[in-house]
Amino acid sequence: MCGGTGCHASRADDVIHALRSEIKKNKLEHDVRLRITGCHGFCEQGPLMIIDPGNIFYCRLKPEHAADIVTRTLAKGQVVEDLLYTDPVSGAKAQTEADIPFYRAQDRQLLSQNKLVDPLSLDDYIGSGGYAALAKALAEYSPEEIIEQVKISGLRGRGGGGYPTAKKWAACRAAAGEEKYVICNADEGDPGAYMDRCLLEGNPHLVIEGMMLGAMAIGAQHGYIYVRNEYPLAVKHARTAVEKARAAGLLGQNILGSGFTFDVLIARGGGAFVCGESTALIASLEGKVGEPRAKDVHTVSHGLWNKPTALNNVETWANVPSIINNGGAWHGAKGTKGSKGTKIFALTGRVQNTGLVEVPMGTTLRTIVFDIGGGAPAGRQVKAVQTGGPSGGCLPVDKFDLPVDFEALREAGSMVGSGGIVVMDDKTCMVDVAKYFLTFLRDESCGKCSTCRLGIDRMLEIVTDITEGRGRPEQLDLLLDLADTVSAASLCGLGKTASNPVLSTLKYFADEYHAHIDGRQCPAGVCRELIEYSIDSDNCTGCGTCARACPHGAIQGAKKKPHAIDPDLCQKCGICISVCKFDSILVS
């Protein structure tokens, strides 16, 4: 049973309680094990579970389904058809993960391990092969050989920068000083991104084992997991994993009798997006204000407490154990020439199948959005995707054949980033999208450098003018100049990439900017100051649903007679559109 945050939000706890009651009621306690695992990835279908043997996939579960699951499937081996996944297009039922397009097109090297373990059980992790890489490295590899295997693998940082992991570790090992640190960056602040949360919640020992291998490679004895305080389940599971590993002698002094000493502490971040940047994170960890510093001083030589530090994100650390177990060439066989292995993406937005997707680097956007994501919901058309988090770029459909790797997306004006992919349909205003992300980045800027602090604010002012009908043609040139200045002169990655939403939407959706400025129109019908709501009298049946739903009292009309909207009272909130069953609400 998936016990990730998404399924918890869908009442998974109630389903789990009902299942336990039914198992006990039917005296199956000794025949059945109910394992509560981390996230399975298909978040839209939660709560979900897999029953073995048979790999039977049940989804969208409710407490009242527990009786059928226990009495029919567990006791008699019968499949409950109503609980199987139903394809939204064909209506076909799928009994196993392999039958579901969402799973079938993936290569789940990391995510597939979540369903094998209870994140609170050290025995589960060891039983699934956990800590074998640690034992192998202690018995067979020198620190240099660990780094060499990571180099052969081609592993690059999964936190956004894509820096070669082995190169970072080698520089840290060579740095002067006996005291060194490893840090796991779990301060995942991108809107809609939850890849790191999923791994740390679902398989914390995998991350810890990766950190231990990194510590062996660089010569560190101390490590920190810096995790967002807004991730309470990840904090709890990581803390429990550290405590159990320490109690079992897998953390601490003389691990496995090898002479290797290493321990991990959990540090909770305060919720600042900028603390995902390495030097700001380190400042926060030291108890200082979370602000970045100049890049001419590198963390591999002057990191935490001014000591050599290897800092990688959750997904990067999670890849290391399989590289040591299977060899660097195994990992390097997947992906593209410059981007090796698999990558986890959070697929969200206007797409049928939302959730976590793991595919080989180099997989096209088209495969991710249409083959795995199922495209836009019925009646809508996919218009664009935004990749790489709030400072990523927006790419139109004609760019969907691009491979998702570090170089290809950067050349197109976007980036892989930490792995967020937000799908937008034909009802999305790209100027409004730029405004949304600029608002987020303005609020999250630490304000240390004036180009970021003032430049983002000025860009937001211009884009806001455009969305509210005050835009002027000459502002577009000023917007480009500002974007270039912010990118070139900002101190950290937040500022240097903050212009991407503006630059990419101007590049690929310039017609929408001109429609807002020249025609004072929002083609997508989103920007409130540029649109008017009305009711199509030919379609309106006078059912009154829209009038009852309108919180502003802007809709009037007699029963079974066409209604009308008072433009002076209408706040253009869109509630009437969402409740009308006859497509009677017009936006112009």
# chains A, B, ... in the order shown; residues from 1 in each chain; ligands from 1
call {"tool": "residues_around", "arguments": {"residues": "A:Trp317", "least_positions_apart": "5", "cutoff": "6 Å", "atoms": "only C-alpha atoms", "output": "PyMOL selection string"}}
result
chain A and resi 207+210-211
call {"tool": "write_last_selection", "arguments": {"atoms": "all heavy atoms", "output": "mmCIF file, in the first residue's frame"}}
result
data_model
loop_
_atom_site.group_PDB
_atom_site.id
_atom_site.type_symbol
_atom_site.label_atom_id
_atom_site.label_comp_id
_atom_site.auth_asym_id
_atom_site.auth_seq_id
_atom_site.Cartn_x
_atom_site.Cartn_y
_atom_site.Cartn_z
ATOM 1 N N VAL A 207 19.370 6.684 0.341
ATOM 2 C CA VAL A 207 20.050 7.987 0.329
ATOM 3 C C VAL A 207 21.225 7.976 1.304
ATOM 4 O O VAL A 207 22.324 8.453 0.988
ATOM 5 C CB VAL A 207 19.053 9.110 0.672
ATOM 6 C CG1 VAL A 207 19.748 10.464 0.683
ATOM 7 C CG2 VAL A 207 17.886 9.109 -0.309
ATOM 8 N N GLY A 210 24.110 5.999 -0.112
ATOM 9 C CA GLY A 210 24.812 6.795 -1.112
ATOM 10 C C GLY A 210 25.734 7.821 -0.473
ATOM 11 O O GLY A 210 26.876 8.028 -0.919
ATOM 12 N N MET A 211 25.261 8.476 0.608
ATOM 13 C CA MET A 211 26.092 9.437 1.323
ATOM 14 C C MET A 211 27.311 8.762 1.952
ATOM 15 O O MET A 211 28.421 9.334 1.958
ATOM 16 C CB MET A 211 25.273 10.139 2.403
ATOM 17 C CG MET A 211 24.156 11.030 1.871
ATOM 18 S SD MET A 211 23.158 11.747 3.200
ATOM 19 C CE MET A 211 24.355 12.842 3.988
#
call {"tool": "select_by_dssp", "arguments": {"residues": "stretch 338-518 of chain A", "states": "strand (DSSP E)", "output": "short mmCIF file (atom, residue, chain, number, x, y, z; two decimals) with all heavy atoms, in the first residue's frame"}}
result
data_model
loop_
_atom_site.label_atom_id
_atom_site.label_comp_id
_atom_site.auth_asym_id
_atom_site.auth_seq_id
_atom_site.Cartn_x
_atom_site.Cartn_y
_atom_site.Cartn_z
N THR A 342 19.08 7.44 -15.60
CA THR A 342 17.68 7.84 -15.63
C THR A 342 17.49 9.12 -14.82
O THR A 342 18.35 9.50 -14.03
CB THR A 342 16.77 6.74 -15.04
OG1 THR A 342 17.10 6.54 -13.66
CG2 THR A 342 16.91 5.44 -15.81
N LYS A 343 16.35 9.75 -15.02
CA LYS A 343 16.02 10.98 -14.27
C LYS A 343 14.56 10.91 -13.87
O LYS A 343 13.70 10.48 -14.66
CB LYS A 343 16.26 12.22 -15.15
CG LYS A 343 15.88 13.54 -14.48
CD LYS A 343 16.87 13.93 -13.42
CE LYS A 343 16.42 15.19 -12.66
NZ LYS A 343 15.41 14.91 -11.63
N ILE A 344 14.28 11.32 -12.65
CA ILE A 344 12.90 11.38 -12.17
C ILE A 344 12.34 12.78 -12.42
O ILE A 344 12.99 13.78 -12.11
CB ILE A 344 12.82 11.06 -10.67
CG1 ILE A 344 13.40 9.67 -10.39
CG2 ILE A 344 11.37 11.12 -10.19
CD1 ILE A 344 13.47 9.33 -8.91
N PHE A 345 11.15 12.83 -12.99
CA PHE A 345 10.47 14.09 -13.25
C PHE A 345 9.11 14.10 -12.54
O PHE A 345 8.44 13.06 -12.45
CB PHE A 345 10.25 14.30 -14.75
CG PHE A 345 11.52 14.44 -15.53
CD1 PHE A 345 12.09 13.36 -16.17
CD2 PHE A 345 12.15 15.67 -15.64
CE1 PHE A 345 13.26 13.47 -16.89
CE2 PHE A 345 13.33 15.81 -16.36
CZ PHE A 345 13.89 14.71 -16.98
N ALA A 346 8.72 15.27 -12.06
CA ALA A 346 7.37 15.45 -11.52
C ALA A 346 6.52 16.02 -12.63
O ALA A 346 6.69 17.17 -13.04
CB ALA A 346 7.40 16.38 -10.32
N LEU A 347 5.61 15.21 -13.14
CA LEU A 347 4.75 15.60 -14.26
C LEU A 347 3.43 16.13 -13.70
O LEU A 347 2.64 15.37 -13.12
CB LEU A 347 4.51 14.39 -15.17
CG LEU A 347 3.72 14.62 -16.46
CD1 LEU A 347 4.44 15.61 -17.37
CD2 LEU A 347 3.49 13.30 -17.19
N THR A 348 3.20 17.42 -13.87
CA THR A 348 2.02 18.05 -13.29
C THR A 348 1.37 18.99 -14.30
O THR A 348 1.84 19.14 -15.43
CB THR A 348 2.39 18.85 -12.02
OG1 THR A 348 3.35 19.85 -12.37
CG2 THR A 348 2.97 17.96 -10.95
N GLY A 349 0.29 19.62 -13.90
CA GLY A 349 -0.38 20.59 -14.77
C GLY A 349 -1.56 20.00 -15.52
O GLY A 349 -2.23 19.08 -15.04
N GLY A 355 2.02 12.71 -11.87
CA GLY A 355 2.78 11.86 -10.95
C GLY A 355 4.26 11.94 -11.22
O GLY A 355 4.75 12.81 -11.94
N LEU A 356 4.98 10.99 -10.63
CA LEU A 356 6.43 10.92 -10.79
C LEU A 356 6.78 9.97 -11.92
O LEU A 356 6.29 8.85 -11.98
CB LEU A 356 7.10 10.46 -9.49
CG LEU A 356 7.00 11.43 -8.32
CD1 LEU A 356 7.64 10.83 -7.08
CD2 LEU A 356 7.64 12.77 -8.65
N VAL A 357 7.66 10.44 -12.80
CA VAL A 357 8.04 9.70 -14.01
C VAL A 357 9.55 9.51 -13.99
O VAL A 357 10.29 10.48 -13.80
CB VAL A 357 7.62 10.50 -15.26
CG1 VAL A 357 8.16 9.84 -16.52
CG2 VAL A 357 6.11 10.64 -15.32
N GLU A 358 10.01 8.29 -14.19
CA GLU A 358 11.45 8.04 -14.30
C GLU A 358 11.76 7.44 -15.67
O GLU A 358 11.24 6.38 -16.02
CB GLU A 358 11.94 7.09 -13.19
CG GLU A 358 13.45 6.91 -13.20
CD GLU A 358 13.95 6.05 -12.05
OE1 GLU A 358 13.12 5.59 -11.23
OE2 GLU A 358 15.18 5.83 -11.96
N VAL A 359 12.59 8.14 -16.42
CA VAL A 359 12.91 7.73 -17.79
C VAL A 359 14.40 7.92 -18.03
O VAL A 359 15.06 8.70 -17.34
CB VAL A 359 12.13 8.56 -18.84
CG1 VAL A 359 10.65 8.25 -18.78
CG2 VAL A 359 12.37 10.05 -18.64
N PRO A 360 14.97 7.22 -19.03
CA PRO A 360 16.38 7.46 -19.37
C PRO A 360 16.56 8.89 -19.85
O PRO A 360 15.70 9.44 -20.55
CB PRO A 360 16.64 6.45 -20.50
CG PRO A 360 15.59 5.41 -20.35
CD PRO A 360 14.39 6.12 -19.81
N VAL A 382 -2.64 20.26 -25.74
CA VAL A 382 -1.40 20.67 -25.08
C VAL A 382 -0.79 21.82 -25.86
O VAL A 382 -0.70 21.78 -27.09
CB VAL A 382 -0.41 19.50 -24.98
CG1 VAL A 382 0.95 19.98 -24.47
CG2 VAL A 382 -0.95 18.40 -24.06
N LYS A 383 -0.37 22.84 -25.15
CA LYS A 383 0.18 24.04 -25.76
C LYS A 383 1.68 24.18 -25.52
O LYS A 383 2.44 24.60 -26.41
CB LYS A 383 -0.55 25.26 -25.19
CG LYS A 383 -0.09 26.61 -25.72
CD LYS A 383 -0.96 27.69 -25.06
CE LYS A 383 -0.74 29.05 -25.63
NZ LYS A 383 -1.66 30.05 -25.03
N ALA A 384 2.13 23.85 -24.31
CA ALA A 384 3.53 24.06 -23.95
C ALA A 384 3.85 23.27 -22.69
O ALA A 384 2.95 22.75 -22.01
CB ALA A 384 3.80 25.55 -23.70
N VAL A 385 5.14 23.17 -22.39
CA VAL A 385 5.58 22.67 -21.09
C VAL A 385 6.59 23.65 -20.52
O VAL A 385 7.31 24.32 -21.26
CB VAL A 385 6.21 21.26 -21.14
CG1 VAL A 385 5.21 20.22 -21.55
CG2 VAL A 385 7.44 21.24 -22.03
N GLN A 386 6.62 23.70 -19.21
CA GLN A 386 7.66 24.45 -18.53
C GLN A 386 8.50 23.45 -17.78
O GLN A 386 8.00 22.65 -16.98
CB GLN A 386 7.04 25.47 -17.57
CG GLN A 386 8.00 26.55 -17.11
CD GLN A 386 8.50 26.34 -15.70
OE1 GLN A 386 8.27 25.31 -15.10
NE2 GLN A 386 9.18 27.33 -15.17
N THR A 387 9.80 23.42 -18.06
CA THR A 387 10.69 22.45 -17.43
C THR A 387 11.69 23.16 -16.54
O THR A 387 12.06 24.31 -16.78
CB THR A 387 11.47 21.64 -18.48
OG1 THR A 387 12.42 22.49 -19.14
CG2 THR A 387 10.54 21.03 -19.52
N GLY A 393 12.38 27.29 -18.52
CA GLY A 393 11.78 27.94 -19.67
C GLY A 393 10.53 27.22 -20.14
O GLY A 393 10.29 26.06 -19.79
N CYS A 394 9.73 27.90 -20.94
CA CYS A 394 8.50 27.35 -21.51
C CYS A 394 8.75 27.00 -22.97
O CYS A 394 9.17 27.85 -23.76
CB CYS A 394 7.36 28.36 -21.39
SG CYS A 394 6.98 28.83 -19.68
N LEU A 395 8.47 25.75 -23.33
CA LEU A 395 8.73 25.26 -24.68
C LEU A 395 7.41 24.88 -25.36
O LEU A 395 6.58 24.20 -24.75
CB LEU A 395 9.65 24.05 -24.64
CG LEU A 395 11.02 24.27 -23.97
CD1 LEU A 395 11.80 22.97 -23.88
CD2 LEU A 395 11.82 25.33 -24.72
N PRO A 396 7.22 25.28 -26.62
CA PRO A 396 5.98 24.97 -27.33
C PRO A 396 5.97 23.52 -27.83
O PRO A 396 7.00 22.83 -27.81
CB PRO A 396 6.00 25.95 -28.50
CG PRO A 396 7.46 26.16 -28.77
CD PRO A 396 8.14 26.11 -27.44
N GLY A 420 11.11 19.29 -12.57
CA GLY A 420 9.69 19.61 -12.71
C GLY A 420 9.30 19.78 -14.16
O GLY A 420 10.03 20.38 -14.94
N ILE A 421 8.17 19.20 -14.55
CA ILE A 421 7.60 19.39 -15.89
C ILE A 421 6.14 19.78 -15.71
O ILE A 421 5.32 18.96 -15.28
CB ILE A 421 7.72 18.13 -16.77
CG1 ILE A 421 9.20 17.80 -17.04
CG2 ILE A 421 6.97 18.32 -18.08
CD1 ILE A 421 9.39 16.58 -17.93
N VAL A 422 5.81 21.02 -16.04
CA VAL A 422 4.44 21.52 -15.90
C VAL A 422 3.83 21.63 -17.29
O VAL A 422 4.35 22.35 -18.15
CB VAL A 422 4.41 22.89 -15.20
CG1 VAL A 422 2.97 23.36 -15.04
CG2 VAL A 422 5.10 22.82 -13.85
N VAL A 423 2.74 20.91 -17.53
CA VAL A 423 2.09 20.90 -18.84
C VAL A 423 1.00 21.97 -18.87
O VAL A 423 0.24 22.15 -17.91
CB VAL A 423 1.46 19.51 -19.12
CG1 VAL A 423 0.80 19.49 -20.49
CG2 VAL A 423 2.53 18.42 -19.02
N MET A 424 0.96 22.70 -19.98
CA MET A 424 -0.03 23.77 -20.15
C MET A 424 -0.87 23.50 -21.38
O MET A 424 -0.35 23.03 -22.40
CB MET A 424 0.70 25.11 -20.30
CG MET A 424 1.62 25.42 -19.13
SD MET A 424 2.78 26.72 -19.49
CE MET A 424 3.91 26.54 -18.10
N ASP A 425 -2.17 23.79 -21.31
CA ASP A 425 -3.05 23.55 -22.45
C ASP A 425 -3.43 24.86 -23.12
O ASP A 425 -2.92 25.93 -22.79
CB ASP A 425 -4.28 22.73 -22.03
CG ASP A 425 -5.20 23.49 -21.09
OD1 ASP A 425 -5.03 24.71 -20.92
OD2 ASP A 425 -6.11 22.86 -20.51
#
call {"tool": "select_by_dssp", "arguments": {"residues": "stretch 181-375 of chain A", "states": "helix (DSSP H, G or I)", "output": "short mmCIF file (atom, residue, chain, number, x, y, z; two decimals) with N, CA and C atoms, in the first residue's frame"}}
result
data_model
loop_
_atom_site.label_atom_id
_atom_site.label_comp_id
_atom_site.auth_asym_id
_atom_site.auth_seq_id
_atom_site.Cartn_x
_atom_site.Cartn_y
_atom_site.Cartn_z
N MET A 195 10.22 15.11 -6.32
CA MET A 195 11.03 13.92 -6.57
C MET A 195 11.86 13.55 -5.35
N ASP A 196 12.54 14.54 -4.78
CA ASP A 196 13.40 14.27 -3.63
C ASP A 196 12.59 13.85 -2.42
N ARG A 197 11.45 14.50 -2.23
CA ARG A 197 10.58 14.11 -1.12
C ARG A 197 10.19 12.64 -1.23
N CYS A 198 9.85 12.22 -2.44
CA CYS A 198 9.43 10.84 -2.67
C CYS A 198 10.51 9.85 -2.29
N LEU A 199 11.75 10.14 -2.69
CA LEU A 199 12.86 9.22 -2.40
C LEU A 199 13.19 9.20 -0.92
N LEU A 200 13.22 10.38 -0.30
CA LEU A 200 13.59 10.43 1.11
C LEU A 200 12.50 9.86 1.99
N GLU A 201 11.24 10.06 1.62
CA GLU A 201 10.13 9.44 2.35
C GLU A 201 10.11 7.93 2.16
N GLY A 202 10.31 7.51 0.92
CA GLY A 202 10.06 6.12 0.57
C GLY A 202 11.23 5.18 0.75
N PRO A 204 14.69 6.03 2.62
CA PRO A 204 15.73 6.88 3.21
C PRO A 204 17.08 6.19 3.34
N HIS A 205 17.08 4.86 3.57
CA HIS A 205 18.37 4.16 3.70
C HIS A 205 19.16 4.18 2.39
N LEU A 206 18.46 4.23 1.25
CA LEU A 206 19.15 4.31 -0.04
C LEU A 206 19.95 5.60 -0.13
N VAL A 207 19.37 6.68 0.34
CA VAL A 207 20.05 7.99 0.33
C VAL A 207 21.23 7.98 1.30
N ILE A 208 21.01 7.42 2.49
CA ILE A 208 22.07 7.35 3.49
C ILE A 208 23.23 6.50 2.98
N GLU A 209 22.93 5.37 2.34
CA GLU A 209 23.99 4.52 1.81
C GLU A 209 24.79 5.26 0.74
N GLY A 210 24.11 6.00 -0.11
CA GLY A 210 24.81 6.80 -1.11
C GLY A 210 25.73 7.82 -0.47
N MET A 211 25.26 8.48 0.61
CA MET A 211 26.09 9.44 1.32
C MET A 211 27.31 8.76 1.95
N MET A 212 27.15 7.55 2.46
CA MET A 212 28.26 6.82 3.06
C MET A 212 29.33 6.50 2.02
N LEU A 213 28.90 6.12 0.83
CA LEU A 213 29.86 5.84 -0.24
C LEU A 213 30.59 7.12 -0.65
N GLY A 214 29.86 8.23 -0.71
CA GLY A 214 30.49 9.51 -1.01
C GLY A 214 31.48 9.92 0.08
N ALA A 215 31.11 9.66 1.34
CA ALA A 215 32.00 9.99 2.45
C ALA A 215 33.29 9.16 2.38
N MET A 216 33.16 7.89 2.03
CA MET A 216 34.35 7.06 1.85
C MET A 216 35.24 7.62 0.74
N ALA A 217 34.60 8.08 -0.33
CA ALA A 217 35.35 8.56 -1.49
C ALA A 217 36.15 9.81 -1.19
N ILE A 218 35.57 10.74 -0.41
CA ILE A 218 36.26 12.02 -0.19
C ILE A 218 37.02 12.06 1.13
N PRO A 232 7.25 16.99 6.62
CA PRO A 232 7.31 16.30 7.92
C PRO A 232 7.50 14.79 7.80
N LEU A 233 6.91 14.15 6.77
CA LEU A 233 7.06 12.71 6.63
C LEU A 233 8.49 12.35 6.23
N ALA A 234 9.09 13.18 5.37
CA ALA A 234 10.48 12.94 4.98
C ALA A 234 11.41 13.13 6.17
N VAL A 235 11.15 14.15 6.98
CA VAL A 235 11.95 14.38 8.19
C VAL A 235 11.85 13.18 9.12
N LYS A 236 10.63 12.72 9.33
CA LYS A 236 10.40 11.58 10.24
C LYS A 236 11.10 10.32 9.74
N HIS A 237 10.93 10.00 8.46
CA HIS A 237 11.51 8.77 7.93
C HIS A 237 13.03 8.84 7.88
N ALA A 238 13.58 10.00 7.52
CA ALA A 238 15.04 10.13 7.49
C ALA A 238 15.61 10.00 8.90
N ARG A 239 14.95 10.62 9.86
CA ARG A 239 15.44 10.55 11.24
C ARG A 239 15.37 9.11 11.77
N THR A 240 14.27 8.43 11.47
CA THR A 240 14.13 7.03 11.92
C THR A 240 15.19 6.15 11.27
N ALA A 241 15.45 6.36 9.98
CA ALA A 241 16.45 5.56 9.27
C ALA A 241 17.84 5.77 9.87
N VAL A 242 18.19 7.01 10.18
CA VAL A 242 19.49 7.29 10.79
C VAL A 242 19.60 6.60 12.13
N GLU A 243 18.56 6.69 12.94
CA GLU A 243 18.59 6.07 14.27
C GLU A 243 18.73 4.56 14.18
N LYS A 244 18.02 3.93 13.25
CA LYS A 244 18.09 2.47 13.13
C LYS A 244 19.43 2.02 12.55
N ALA A 245 19.96 2.77 11.59
CA ALA A 245 21.27 2.43 11.03
C ALA A 245 22.34 2.57 12.10
N ARG A 246 22.21 3.61 12.91
CA ARG A 246 23.19 3.82 13.98
C ARG A 246 23.11 2.70 15.01
N ALA A 247 21.89 2.30 15.38
CA ALA A 247 21.71 1.23 16.36
C ALA A 247 22.24 -0.10 15.85
N ILE A 255 32.57 1.04 11.22
CA ILE A 255 31.41 0.42 10.57
C ILE A 255 31.79 -0.92 9.94
N LEU A 256 31.04 -1.95 10.30
CA LEU A 256 31.27 -3.32 9.80
C LEU A 256 32.71 -3.79 10.05
N GLY A 257 33.31 -3.27 11.11
CA GLY A 257 34.67 -3.68 11.47
C GLY A 257 35.74 -3.24 10.51
N PHE A 273 13.30 29.26 -0.53
CA PHE A 273 13.63 28.64 -1.82
C PHE A 273 15.11 28.79 -2.15
N VAL A 274 15.69 29.93 -1.79
CA VAL A 274 17.08 30.20 -2.14
C VAL A 274 18.03 29.25 -1.41
N CYS A 275 17.59 28.62 -0.32
CA CYS A 275 18.46 27.69 0.41
C CYS A 275 18.65 26.37 -0.33
N GLY A 276 18.00 26.21 -1.46
CA GLY A 276 18.34 25.09 -2.33
C GLY A 276 19.66 25.31 -3.04
N SER A 278 23.60 25.89 -3.16
CA SER A 278 24.56 25.22 -2.28
C SER A 278 25.13 26.12 -1.20
N THR A 279 25.60 27.32 -1.56
CA THR A 279 26.25 28.16 -0.55
C THR A 279 25.23 28.77 0.40
N ALA A 280 24.02 29.04 -0.07
CA ALA A 280 22.96 29.52 0.83
C ALA A 280 22.56 28.43 1.81
N LEU A 281 22.51 27.19 1.33
CA LEU A 281 22.19 26.06 2.20
C LEU A 281 23.25 25.92 3.29
N ILE A 282 24.51 26.02 2.90
CA ILE A 282 25.59 25.89 3.87
C ILE A 282 25.53 27.01 4.90
N ALA A 283 25.25 28.24 4.45
CA ALA A 283 25.10 29.34 5.39
C ALA A 283 23.98 29.07 6.39
N SER A 284 22.86 28.56 5.90
CA SER A 284 21.73 28.23 6.76
C SER A 284 22.11 27.13 7.76
N LEU A 285 22.84 26.13 7.28
CA LEU A 285 23.26 25.02 8.13
C LEU A 285 24.19 25.50 9.25
N LEU A 304 31.14 23.74 4.29
CA LEU A 304 30.60 23.84 5.64
C LEU A 304 31.73 24.10 6.64
N TRP A 305 31.53 25.11 7.48
CA TRP A 305 32.56 25.53 8.45
C TRP A 305 33.90 25.79 7.76
N ASN A 306 33.82 26.21 6.50
CA ASN A 306 35.01 26.52 5.70
C ASN A 306 35.87 25.29 5.44
N VAL A 314 19.25 14.75 -3.24
CA VAL A 314 18.75 13.42 -2.84
C VAL A 314 18.90 12.41 -3.97
N GLU A 315 18.43 12.77 -5.16
CA GLU A 315 18.43 11.82 -6.28
C GLU A 315 19.84 11.44 -6.69
N THR A 316 20.78 12.37 -6.62
CA THR A 316 22.17 12.05 -6.94
C THR A 316 22.72 11.01 -5.98
N TRP A 317 22.53 11.24 -4.68
CA TRP A 317 23.00 10.26 -3.70
C TRP A 317 22.33 8.90 -3.89
N ALA A 318 21.04 8.90 -4.22
CA ALA A 318 20.30 7.64 -4.36
C ALA A 318 20.80 6.80 -5.53
N ASN A 319 21.44 7.42 -6.51
CA ASN A 319 21.96 6.68 -7.66
C ASN A 319 23.27 5.94 -7.35
N VAL A 320 23.98 6.37 -6.32
CA VAL A 320 25.34 5.85 -6.09
C VAL A 320 25.37 4.37 -5.72
N PRO A 321 24.51 3.86 -4.81
CA PRO A 321 24.60 2.44 -4.47
C PRO A 321 24.48 1.50 -5.68
N SER A 322 23.57 1.78 -6.60
CA SER A 322 23.42 0.89 -7.77
C SER A 322 24.64 0.99 -8.69
N ILE A 323 25.30 2.15 -8.72
CA ILE A 323 26.51 2.29 -9.52
C ILE A 323 27.62 1.39 -8.97
N ILE A 324 27.76 1.36 -7.65
CA ILE A 324 28.78 0.51 -7.03
C ILE A 324 28.40 -0.96 -7.15
N ASN A 325 27.13 -1.29 -6.98
CA ASN A 325 26.68 -2.68 -7.08
C ASN A 325 26.84 -3.23 -8.49
N ASN A 326 26.46 -2.43 -9.49
CA ASN A 326 26.40 -2.91 -10.87
C ASN A 326 27.55 -2.44 -11.74
N GLY A 328 30.01 1.18 -12.92
CA GLY A 328 29.73 2.45 -13.57
C GLY A 328 29.25 2.30 -14.99
N ALA A 329 29.76 1.28 -15.72
CA ALA A 329 29.37 1.09 -17.12
C ALA A 329 27.89 0.76 -17.24
N TRP A 330 27.34 0.09 -16.24
CA TRP A 330 25.90 -0.24 -16.25
C TRP A 330 25.06 1.04 -16.25
N HIS A 331 25.40 1.96 -15.38
CA HIS A 331 24.67 3.23 -15.32
C HIS A 331 24.91 4.04 -16.59
N GLY A 332 26.15 4.02 -17.08
CA GLY A 332 26.48 4.80 -18.26
C GLY A 332 25.87 4.29 -19.54
N LEU A 365 10.41 15.00 -24.81
CA LEU A 365 9.27 15.60 -24.11
C LEU A 365 7.96 15.01 -24.60
N ARG A 366 7.90 14.69 -25.89
CA ARG A 366 6.67 14.12 -26.45
C ARG A 366 6.33 12.79 -25.79
N THR A 367 7.34 11.95 -25.57
CA THR A 367 7.11 10.66 -24.92
C THR A 367 6.60 10.87 -23.50
N ILE A 368 7.20 11.80 -22.79
CA ILE A 368 6.81 12.04 -21.40
C ILE A 368 5.40 12.60 -21.31
N VAL A 369 5.09 13.58 -22.14
CA VAL A 369 3.81 14.27 -22.03
C VAL A 369 2.66 13.44 -22.60
N PHE A 370 2.90 12.79 -23.75
CA PHE A 370 1.79 12.09 -24.42
C PHE A 370 1.76 10.59 -24.13
N ASP A 371 2.89 9.90 -24.24
CA ASP A 371 2.88 8.45 -24.03
C ASP A 371 2.69 8.10 -22.55
N ILE A 372 3.39 8.82 -21.68
CA ILE A 372 3.29 8.57 -20.25
C ILE A 372 2.18 9.41 -19.62
#
call {"tool": "atom_distance", "arguments": {"atom1": "atom CA of A:Arg528", "atom2": "atom CA of A:Lys572"}}
result
6.2 Å
call {"tool": "closest_residue", "arguments": {"among": "A:Ile50, A:Leu265, A:Ile517, A:Cys543", "to": "A:Leu84", "atoms": "only C-alpha atoms"}}
result
A:Ile50
call {"tool": "closest_residue", "arguments": {"among": "A:Pro47, A:Gly455, A:Gly389, A:Pro191", "to": "A:Ser499", "atoms": "only C-alpha atoms"}}
result
A:Gly455
call {"tool": "residues_around", "arguments": {"residues": "A:Lys93", "least_positions_apart": "4", "cutoff": "10 Å", "atoms": "only C-alpha atoms", "output": "PyMOL selection string"}}
result
chain A and resi 81-88+99-100
call {"tool": "residues_around", "arguments": {"residues": "A:Val79", "least_positions_apart": "5", "cutoff": "9 Å", "atoms": "only C-alpha atoms", "output": "list in words"}}
result
Ile56, Ile69, Arg72, Thr73, Leu84 and Gln95 of chain A
call {"tool": "atom_distance", "arguments": {"atom1": "atom CA of A:Phe260", "atom2": "atom CA of A:Asp187"}}
result
28.1 Å
call {"tool": "residues_around", "arguments": {"residues": "A:Cys570", "least_positions_apart": "5", "cutoff": "9 Å", "atoms": "only C-alpha atoms", "output": "PyMOL selection string"}}
result
chain A and resi 532-533+550+552-555+565
call {"tool": "write_last_selection", "arguments": {"atoms": "C-alpha atoms", "output": "PDB file, in the first residue's frame"}}
result
ATOM      1  CA  GLU A 532     -15.432  40.057 -20.294  1.00  0.00           C
ATOM      2  CA  TYR A 533     -17.809  37.276 -19.210  1.00  0.00           C
ATOM      3  CA  CYS A 550     -21.569  32.801  -8.185  1.00  0.00           C
ATOM      4  CA  HIS A 552     -20.639  37.799  -6.088  1.00  0.00           C
ATOM      5  CA  GLY A 553     -24.315  37.722  -7.096  1.00  0.00           C
ATOM      6  CA  ALA A 554     -23.382  38.777 -10.616  1.00  0.00           C
ATOM      7  CA  ILE A 555     -25.717  36.362 -12.461  1.00  0.00           C
ATOM      8  CA  ILE A 565     -24.056  38.512 -16.140  1.00  0.00           C
TER       9      ILE A 565
END
call {"tool": "residues_around", "arguments": {"residues": "stretch 3-5 of chain A", "least_positions_apart": "3", "cutoff": "10 Å", "atoms": "only C-alpha atoms", "output": "ChimeraX atom specification"}}
result
/A:8-13,16,35-41,43,46-49,114-115,118-119,194,197-199,201-202,231-234
call {"tool": "residues_around", "arguments": {"residues": "stretch 429-435 of chain A", "least_positions_apart": "5", "cutoff": "9 Å", "atoms": "only C-alpha atoms", "output": "VMD selection string"}}
result
chain A and resid 384 394 424 440 459 to 461 463 to 464 466 to 467 500 to 502 505 to 506 509 512 to 513 516 522 to 527
